[in-house]
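For reference, protein.tsv is printed below; it contains TSV, C-alpha atoms.
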chain	number	residue	atom	x	y	z
A	1	MET	CA	139.01	-28.36	-99.44
A	2	ARG	CA	137.12	-27.43	-102.59
A	3	THR	CA	138.53	-25.75	-105.70
A	4	PHE	CA	136.54	-23.91	-108.35
A	5	HIS	CA	137.85	-22.73	-111.72
A	6	SER	CA	135.91	-19.65	-112.70
A	7	HIS	CA	135.83	-18.20	-116.21
A	8	SER	CA	133.21	-15.50	-115.54
A	9	PRO	CA	131.58	-13.41	-112.82
A	10	ALA	CA	128.56	-15.73	-112.99
A	11	GLU	CA	130.74	-18.75	-112.18
A	12	THR	CA	132.37	-16.85	-109.31
A	13	GLU	CA	128.93	-16.01	-107.91
A	14	GLN	CA	127.95	-19.68	-108.16
A	15	ALA	CA	130.98	-20.60	-106.03
A	16	GLY	CA	129.83	-18.07	-103.41
A	17	GLU	CA	126.33	-19.48	-103.47
A	18	TRP	CA	127.74	-23.00	-103.03
A	19	LEU	CA	129.62	-21.85	-99.93
A	20	SER	CA	126.58	-20.09	-98.47
A	21	LYS	CA	124.85	-23.46	-97.99
A	22	ARG	CA	127.69	-24.62	-95.75
A	23	LEU	CA	127.88	-21.67	-93.37
A	24	SER	CA	126.41	-21.19	-89.91
A	25	PRO	CA	125.64	-18.05	-87.90
A	26	GLY	CA	128.83	-16.58	-86.45
A	27	ASP	CA	131.11	-18.05	-89.13
A	28	LEU	CA	134.03	-15.98	-90.37
A	29	VAL	CA	134.94	-16.25	-94.06
A	30	ALA	CA	138.41	-14.79	-94.71
A	31	PHE	CA	139.39	-13.87	-98.28
A	32	SER	CA	142.87	-13.49	-99.72
A	33	GLY	CA	143.85	-12.45	-103.23
A	34	GLY	CA	144.78	-9.29	-105.09
A	35	MET	CA	142.62	-6.49	-106.41
A	36	GLY	CA	140.18	-7.32	-109.16
A	37	MET	CA	140.15	-11.03	-108.38
A	38	GLY	CA	136.40	-11.36	-107.81
A	39	LYS	CA	136.06	-11.24	-104.03
A	40	THR	CA	133.06	-8.89	-104.07
A	41	VAL	CA	131.48	-10.89	-106.89
A	42	PHE	CA	131.89	-14.00	-104.72
A	43	VAL	CA	130.18	-12.20	-101.82
A	44	ARG	CA	127.29	-11.37	-104.18
A	45	GLY	CA	126.79	-15.13	-104.56
A	46	LEU	CA	127.08	-15.63	-100.80
A	47	ALA	CA	124.39	-13.02	-100.17
A	48	ARG	CA	122.09	-14.49	-102.81
A	49	GLY	CA	122.58	-17.96	-101.34
A	50	LEU	CA	121.57	-16.62	-97.94
A	51	GLY	CA	118.36	-15.23	-99.40
A	52	SER	CA	119.33	-11.59	-99.89
A	53	ASP	CA	118.43	-9.73	-103.06
A	54	ALA	CA	120.52	-6.69	-102.04
A	55	ASP	CA	122.78	-4.86	-104.45
A	56	VAL	CA	126.15	-6.11	-103.14
A	57	SER	CA	128.99	-3.62	-103.55
A	58	SER	CA	132.55	-3.31	-102.32
A	59	PRO	CA	132.82	-1.88	-98.81
A	60	THR	CA	136.21	-0.29	-99.53
A	61	PHE	CA	135.19	3.14	-98.24
A	62	THR	CA	132.38	2.19	-95.87
A	63	LEU	CA	134.44	-0.65	-94.32
A	64	ILE	CA	131.35	-2.77	-93.59
A	65	ASN	CA	128.19	-3.45	-95.59
A	66	GLU	CA	125.27	-5.36	-94.12
A	67	TYR	CA	122.99	-7.73	-96.01
A	68	ARG	CA	119.96	-9.40	-94.49
A	69	GLY	CA	118.78	-12.60	-96.08
A	70	GLU	CA	115.91	-14.98	-95.50
A	71	THR	CA	118.10	-17.39	-93.58
A	72	SER	CA	121.02	-15.35	-92.22
A	73	ARG	CA	122.61	-11.95	-91.89
A	74	LEU	CA	125.85	-11.20	-93.73
A	75	CYS	CA	128.46	-8.62	-92.78
A	76	HIS	CA	130.81	-7.82	-95.70
A	77	MET	CA	134.01	-6.07	-94.65
A	78	ASP	CA	137.00	-4.70	-96.54
A	79	ALA	CA	140.07	-4.60	-94.28
A	80	TYR	CA	142.39	-3.14	-96.95
A	81	ARG	CA	142.74	0.21	-95.18
A	82	LEU	CA	143.13	-1.31	-91.70
A	83	THR	CA	146.60	-1.98	-90.37
A	84	SER	CA	146.17	-3.94	-87.15
A	85	ALA	CA	143.95	-6.12	-85.02
A	86	GLU	CA	143.25	-3.03	-82.92
A	87	ASP	CA	141.88	-1.23	-86.00
A	88	LEU	CA	139.63	-4.22	-86.64
A	89	GLU	CA	138.31	-4.23	-83.10
A	90	ALA	CA	137.60	-0.48	-83.25
A	91	THR	CA	135.19	-1.04	-86.17
A	92	GLY	CA	132.87	-3.14	-84.00
A	93	PHE	CA	133.56	-6.15	-86.24
A	94	TYR	CA	133.48	-8.71	-83.42
A	95	ASP	CA	129.99	-7.58	-82.40
A	96	TYR	CA	128.72	-8.95	-85.71
A	97	LEU	CA	130.17	-12.41	-85.01
A	98	ASP	CA	128.98	-12.35	-81.39
A	99	ASN	CA	125.45	-11.59	-82.62
A	100	GLY	CA	125.32	-14.47	-85.11
A	101	TRP	CA	126.14	-12.66	-88.34
A	102	ILE	CA	128.18	-14.44	-90.99
A	103	ALA	CA	131.20	-12.27	-91.71
A	104	ALA	CA	132.97	-12.15	-95.08
A	105	VAL	CA	136.24	-10.21	-94.87
A	106	GLU	CA	138.27	-9.09	-97.88
A	107	TRP	CA	141.98	-8.46	-97.28
A	108	SER	CA	141.71	-10.49	-94.06
A	109	GLU	CA	145.46	-11.03	-93.95
A	110	THR	CA	146.05	-7.33	-93.16
A	111	VAL	CA	144.45	-7.76	-89.74
A	112	GLY	CA	145.48	-11.34	-88.96
A	113	LEU	CA	142.15	-13.07	-89.56
A	114	LEU	CA	143.28	-15.87	-91.88
A	115	ASP	CA	144.37	-18.29	-89.16
A	116	GLY	CA	141.27	-17.93	-86.99
A	117	ALA	CA	138.71	-18.10	-89.78
A	118	ALA	CA	136.16	-20.90	-90.04
A	119	VAL	CA	136.57	-20.74	-93.82
A	120	ARG	CA	139.40	-19.39	-95.96
A	121	VAL	CA	138.84	-18.45	-99.60
A	122	ARG	CA	141.92	-17.85	-101.76
A	123	PHE	CA	141.73	-16.28	-105.23
A	124	GLU	CA	144.45	-16.84	-107.82
A	125	ARG	CA	144.56	-15.30	-111.29
A	126	LEU	CA	145.14	-17.93	-114.00
A	127	GLY	CA	144.40	-15.66	-116.96
A	128	ASP	CA	142.52	-12.49	-117.89
A	129	ASN	CA	139.14	-14.11	-117.20
A	130	GLU	CA	140.11	-17.22	-115.27
A	131	ARG	CA	140.46	-17.63	-111.52
A	132	ARG	CA	141.18	-20.54	-109.21
A	133	ILE	CA	139.11	-20.19	-106.07
A	134	THR	CA	140.21	-22.47	-103.24
A	135	ILE	CA	137.91	-22.87	-100.25
A	136	GLU	CA	139.09	-24.61	-97.11
A	137	GLY	CA	137.93	-24.88	-93.56
A	138	ALA	CA	135.49	-26.60	-91.28
A	139	GLY	CA	132.96	-28.74	-93.12
A	140	ILE	CA	134.36	-28.03	-96.59
Final structure tokens representation of the file:
Amino acid sequence: MRTFHSHSPAETEQAGEWLSKRLSPGDLVAFSGGMGMGKTVFVRGLARGLGSDADVSSPTFTLINEYRGETSRLCHMDAYRLTSAEDLEATGFYDYLDNGWIAAVEWSETVGLLDGAAVRVRFERLGDNERRITIEGAGI
């Protein structure tokens, strides 16, 4: 387990970049934490760490954004509007994992992904600009 205390978006991105160096193709990263906690900012760091210079944005309305890096491919999903494992399967989500993409899923608890994830990232608000980011899972 690794814990980061972030006081800025830049520090949150650095935590994502740190995690990117510990991931393998097909890994599932499951996020939990309320709105405005920095999950998408964290994914920006993940993407950068994987060699992507893409403009990372929240996939709230698209459900899934794809980022291709120098070393890996990253699928960024927002499961907020999904209500079941069946909804998740209907998106084609598992095809990404089966094809070696790293998958980062916001609101993973809504579709039951927390328990089966290789890595779990939990965001807690400690103040207006302070977050505790706890990362646990295989190899962490």
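Comparing A:Gln14, A:Ser58, A:Thr110, A:Ser24 by their smallest distance to Asp87 in chain A, the closest is A:Thr110 (using all atoms listed in the file).
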Contacts of Val105 in chain A at 8 Å (only C-alpha atoms; same-chain gap of 2+ positions) as a list in words: Leu28, Val29, Ala30, Phe31, His76, Met77, Asp78, Ala79, Ala103, Trp107 and Ser108 of chain A
Nearby residues (all atoms listed in the file) at most 12 Å from Leu23 in chain A, same-chain spacing under 2 positions excluded, as number ranges by chain: A: 16-21, 25-29, 46-47, 49-50, 71-74, 100-104, 117-119, 137-140
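Of note, CA of Arg122 in chain A and CA of Asp55 in chain A are spaced 23.3 Å apart.
With CA of Gly33 in chain A on one side and CA of Ser52 in chain A on the other, the separation reads 24.8 Å.
Of the listed residues A:Glu136, A:Glu11, A:Asp98, A:Glu106, the one whose atoms come nearest to Arg81 in chain A is A:Glu106, with distances taken using all atoms listed in the file.
When CA of Ala15 in chain A is paired with CA of Glu70 in chain A, their separation reads 19.2 Å.
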Among listed residues A:Ala54, A:Met37, A:Val121, A:Leu126, nearest Met1 in chain A (using only C-alpha atoms): A:Val121
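You can rank A:Leu113, A:Val56, A:Leu63, A:Ile135 by their closest distance to Thr40 in chain A using all atoms listed in the file, and at the top of that list sits A:Val56.
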